[in-house]
file query_29.pdb (PDB, C-alpha atoms, pLDDT in the B column)
MODEL        1
ATOM      1  CA  MET Y   1     -45.325  11.034  -9.466  1.00 62.00           C
ATOM      2  CA  ALA Y   2     -45.679   7.278  -9.023  1.00 64.00           C
ATOM      3  CA  LYS Y   3     -49.079   5.701  -8.711  1.00 68.00           C
ATOM      4  CA  ALA Y   4     -50.084   3.907  -5.520  1.00 67.00           C
ATOM      5  CA  ASN Y   5     -50.483   0.137  -5.611  1.00 64.00           C
ATOM      6  CA  LYS Y   6     -54.100  -0.876  -5.910  1.00 67.00           C
ATOM      7  CA  PRO Y   7     -55.252  -3.904  -3.919  1.00 64.00           C
ATOM      8  CA  GLU Y   8     -55.970  -5.860  -7.104  1.00 66.00           C
ATOM      9  CA  ASN Y   9     -52.426  -5.199  -8.412  1.00 66.00           C
ATOM     10  CA  ASN Y  10     -50.678  -6.222  -5.191  1.00 66.00           C
ATOM     11  CA  SER Y  11     -49.324  -9.752  -5.646  1.00 72.00           C
ATOM     12  CA  LYS Y  12     -48.118 -10.262  -2.046  1.00 74.00           C
ATOM     13  CA  PRO Y  13     -50.651 -11.704   0.393  1.00 74.00           C
ATOM     14  CA  PRO Y  14     -51.106  -9.723   3.630  1.00 78.00           C
ATOM     15  CA  VAL Y  15     -49.386 -11.105   6.698  1.00 79.00           C
ATOM     16  CA  LYS Y  16     -50.244 -10.936  10.379  1.00 84.00           C
ATOM     17  CA  VAL Y  17     -47.607 -10.612  13.102  1.00 84.00           C
ATOM     18  CA  SER Y  18     -48.477 -12.402  16.337  1.00 87.00           C
ATOM     19  CA  PHE Y  19     -48.145 -10.126  19.370  1.00 91.00           C
ATOM     20  CA  PHE Y  20     -47.789 -13.120  21.717  1.00 92.00           C
ATOM     21  CA  HIS Y  21     -44.834 -14.470  19.738  1.00 90.00           C
ATOM     22  CA  VAL Y  22     -43.160 -11.050  19.801  1.00 93.00           C
ATOM     23  CA  LEU Y  23     -43.421 -11.081  23.604  1.00 95.00           C
ATOM     24  CA  ILE Y  24     -42.000 -14.620  23.766  1.00 94.00           C
ATOM     25  CA  ILE Y  25     -39.020 -13.535  21.634  1.00 94.00           C
ATOM     26  CA  LEU Y  26     -38.400 -10.528  23.898  1.00 95.00           C
ATOM     27  CA  VAL Y  27     -38.564 -12.640  27.068  1.00 95.00           C
ATOM     28  CA  GLY Y  28     -36.075 -15.121  25.572  1.00 95.00           C
ATOM     29  CA  ALA Y  29     -33.704 -12.317  24.593  1.00 94.00           C
ATOM     30  CA  ASP Y  30     -33.943 -10.797  28.080  1.00 94.00           C
ATOM     31  CA  LEU Y  31     -33.107 -14.142  29.675  1.00 92.00           C
ATOM     32  CA  ILE Y  32     -30.020 -14.421  27.512  1.00 92.00           C
ATOM     33  CA  LEU Y  33     -28.903 -10.836  28.189  1.00 92.00           C
ATOM     34  CA  LEU Y  34     -29.389 -11.128  31.934  1.00 91.00           C
ATOM     35  CA  PHE Y  35     -28.135 -14.624  32.701  1.00 89.00           C
ATOM     36  CA  ALA Y  36     -25.628 -15.555  29.983  1.00 87.00           C
ATOM     37  CA  PRO Y  37     -22.566 -17.236  31.510  1.00 85.00           C
ATOM     38  CA  GLU Y  38     -19.574 -14.906  32.001  1.00 82.00           C
ATOM     39  CA  VAL Y  39     -21.106 -11.986  30.043  1.00 82.00           C
ATOM     40  CA  GLY Y  40     -24.650 -11.571  31.369  1.00 84.00           C
ATOM     41  CA  ILE Y  41     -25.652  -8.366  33.103  1.00 86.00           C
ATOM     42  CA  TRP Y  42     -26.734 -10.136  36.277  1.00 83.00           C
ATOM     43  CA  ASN Y  43     -23.564 -12.250  36.312  1.00 79.00           C
ATOM     44  CA  SER Y  44     -21.407  -9.153  36.120  1.00 80.00           C
ATOM     45  CA  LEU Y  45     -23.137  -7.668  39.191  1.00 82.00           C
ATOM     46  CA  SER Y  46     -23.151 -10.767  41.374  1.00 83.00           C
ATOM     47  CA  TYR Y  47     -22.135 -14.392  41.112  1.00 81.00           C
ATOM     48  CA  LEU Y  48     -24.693 -16.934  39.901  1.00 79.00           C
ATOM     49  CA  SER Y  49     -23.890 -20.592  39.696  1.00 84.00           C
ATOM     50  CA  ASP Y  50     -23.380 -22.169  36.300  1.00 84.00           C
ATOM     51  CA  LEU Y  51     -26.502 -24.270  36.768  1.00 88.00           C
ATOM     52  CA  TYR Y  52     -28.722 -21.176  36.660  1.00 87.00           C
ATOM     53  CA  SER Y  53     -26.706 -19.446  33.959  1.00 89.00           C
ATOM     54  CA  TRP Y  54     -26.646 -22.280  31.452  1.00 91.00           C
ATOM     55  CA  SER Y  55     -30.244 -23.310  32.068  1.00 92.00           C
ATOM     56  CA  ALA Y  56     -31.401 -19.710  31.525  1.00 91.00           C
ATOM     57  CA  LEU Y  57     -29.334 -19.518  28.342  1.00 92.00           C
ATOM     58  CA  VAL Y  58     -30.850 -22.716  26.962  1.00 94.00           C
ATOM     59  CA  GLY Y  59     -34.330 -21.614  28.053  1.00 94.00           C
ATOM     60  CA  GLY Y  60     -33.875 -18.240  26.355  1.00 95.00           C
ATOM     61  CA  LEU Y  61     -32.761 -19.871  23.124  1.00 95.00           C
ATOM     62  CA  LEU Y  62     -35.742 -22.237  23.210  1.00 95.00           C
ATOM     63  CA  LEU Y  63     -38.127 -19.334  23.794  1.00 95.00           C
ATOM     64  CA  ILE Y  64     -36.645 -17.433  20.853  1.00 94.00           C
ATOM     65  CA  LEU Y  65     -36.965 -20.462  18.584  1.00 94.00           C
ATOM     66  CA  PHE Y  66     -40.549 -21.056  19.722  1.00 93.00           C
ATOM     67  CA  GLY Y  67     -41.400 -17.391  19.150  1.00 92.00           C
ATOM     68  CA  LEU Y  68     -39.891 -17.313  15.677  1.00 90.00           C
ATOM     69  CA  ARG Y  69     -41.766 -20.444  14.668  1.00 89.00           C
ATOM     70  CA  GLY Y  70     -45.161 -18.735  14.709  1.00 81.00           C
ATOM     71  CA  PHE Y  71     -44.073 -15.119  14.328  1.00 80.00           C
ATOM     72  CA  ILE Y  72     -45.611 -14.372  10.920  1.00 77.00           C
ATOM     73  CA  LYS Y  73     -48.874 -15.883   9.726  1.00 74.00           C
ATOM     74  CA  LYS Y  74     -50.750 -15.451   6.489  1.00 72.00           C
ATOM     75  CA  ARG Y  75     -54.199 -13.916   6.786  1.00 69.00           C
TER      76      ARG Y  75
ENDMDL
END
call {"tool": "encode", "arguments": {"input": "query_29.pdb", "output": "structure tokens"}}
result
Amino acid sequence: MAKANKPENNSKPPVKVSFFHVLIILVGADLILLFAPEVGIWNSLSYLSDLYSWSALVGGLLLILFGLRGFIKKR
């Protein structure tokens, strides 16, 4: 049976995942899934103008990029 890694033998530093950044990533992904032009869920149910669709797509991408920027932090 293999031995468990002891804390003094572990060479990787512990990391902390930011809960706020996870929520920001999920909100950005939801914006993209709902309002994406021509393929979004909301656009398939009813017509939204391109102004709302493209701005929501760009906003969703920006939220995902912002969320990924601070997603993992070293302790």
call {"tool": "atom_distance", "arguments": {"input": "query_29.pdb", "atom1": "atom CA of Val17 of chain Y", "atom2": "atom CA of Phe66 of chain Y"}}
result
14.2 Å
call {"tool": "closest_residue", "arguments": {"input": "query_29.pdb", "among": "Y:Ile72, Y:Val15, Y:Ile32, Y:Leu45", "to": "Leu57 of chain Y", "atoms": "only C-alpha atoms"}}
result
Y:Ile32
call {"tool": "atom_distance", "arguments": {"input": "query_29.pdb", "atom1": "atom CA of Gly70 of chain Y", "atom2": "atom CA of Ala29 of chain Y"}}
result
16.4 Å
call {"tool": "residues_near_point", "arguments": {"input": "query_29.pdb", "point": "(-39.0, -15.2, 30.2)", "cutoff": "10 Å", "atoms": "only C-alpha atoms", "output": "PyMOL selection string"}}
result
chain Y and resi 23-32+56+59-60+63-64
call {"tool": "atom_distance", "arguments": {"input": "query_29.pdb", "atom1": "atom CA of Phe19 of chain Y", "atom2": "atom CA of Leu65 of chain Y"}}
result
15.2 Å
call {"tool": "residues_around", "arguments": {"input": "query_29.pdb", "residues": "Ser44 of chain Y", "least_positions_apart": "5", "cutoff": "10 Å", "atoms": "only C-alpha atoms", "output": "number ranges by chain"}}
result
Y: 34-39
call {"tool": "write_last_selection", "arguments": {"input": "query_29.pdb", "atoms": "C-alpha atoms", "output": "CSV table (one decimal), keeping the file's coordinate frame"}}
result
chain,number,residue,atom,x,y,z
Y,34,LEU,CA,-29.4,-11.1,31.9
Y,35,PHE,CA,-28.1,-14.6,32.7
Y,36,ALA,CA,-25.6,-15.6,30.0
Y,37,PRO,CA,-22.6,-17.2,31.5
Y,38,GLU,CA,-19.6,-14.9,32.0
Y,39,VAL,CA,-21.1,-12.0,30.0
call {"tool": "closest_residue", "arguments": {"input": "query_29.pdb", "among": "Y:Val58, Y:Ser49, Y:Lys73, Y:Gly40", "to": "Pro14 of chain Y", "atoms": "all atoms listed in the file"}}
result
Y:Lys73
call {"tool": "axis_aligned_box", "arguments": {"input": "query_29.pdb", "around": "segment 50-63 of chain Y", "padding_each_side": "3 Å", "output": "JSON"}}
result
{"center_x": -30.8, "center_y": -21.3, "center_z": 29.9, "size_x": 20.7, "size_y": 12.0, "size_z": 19.6}
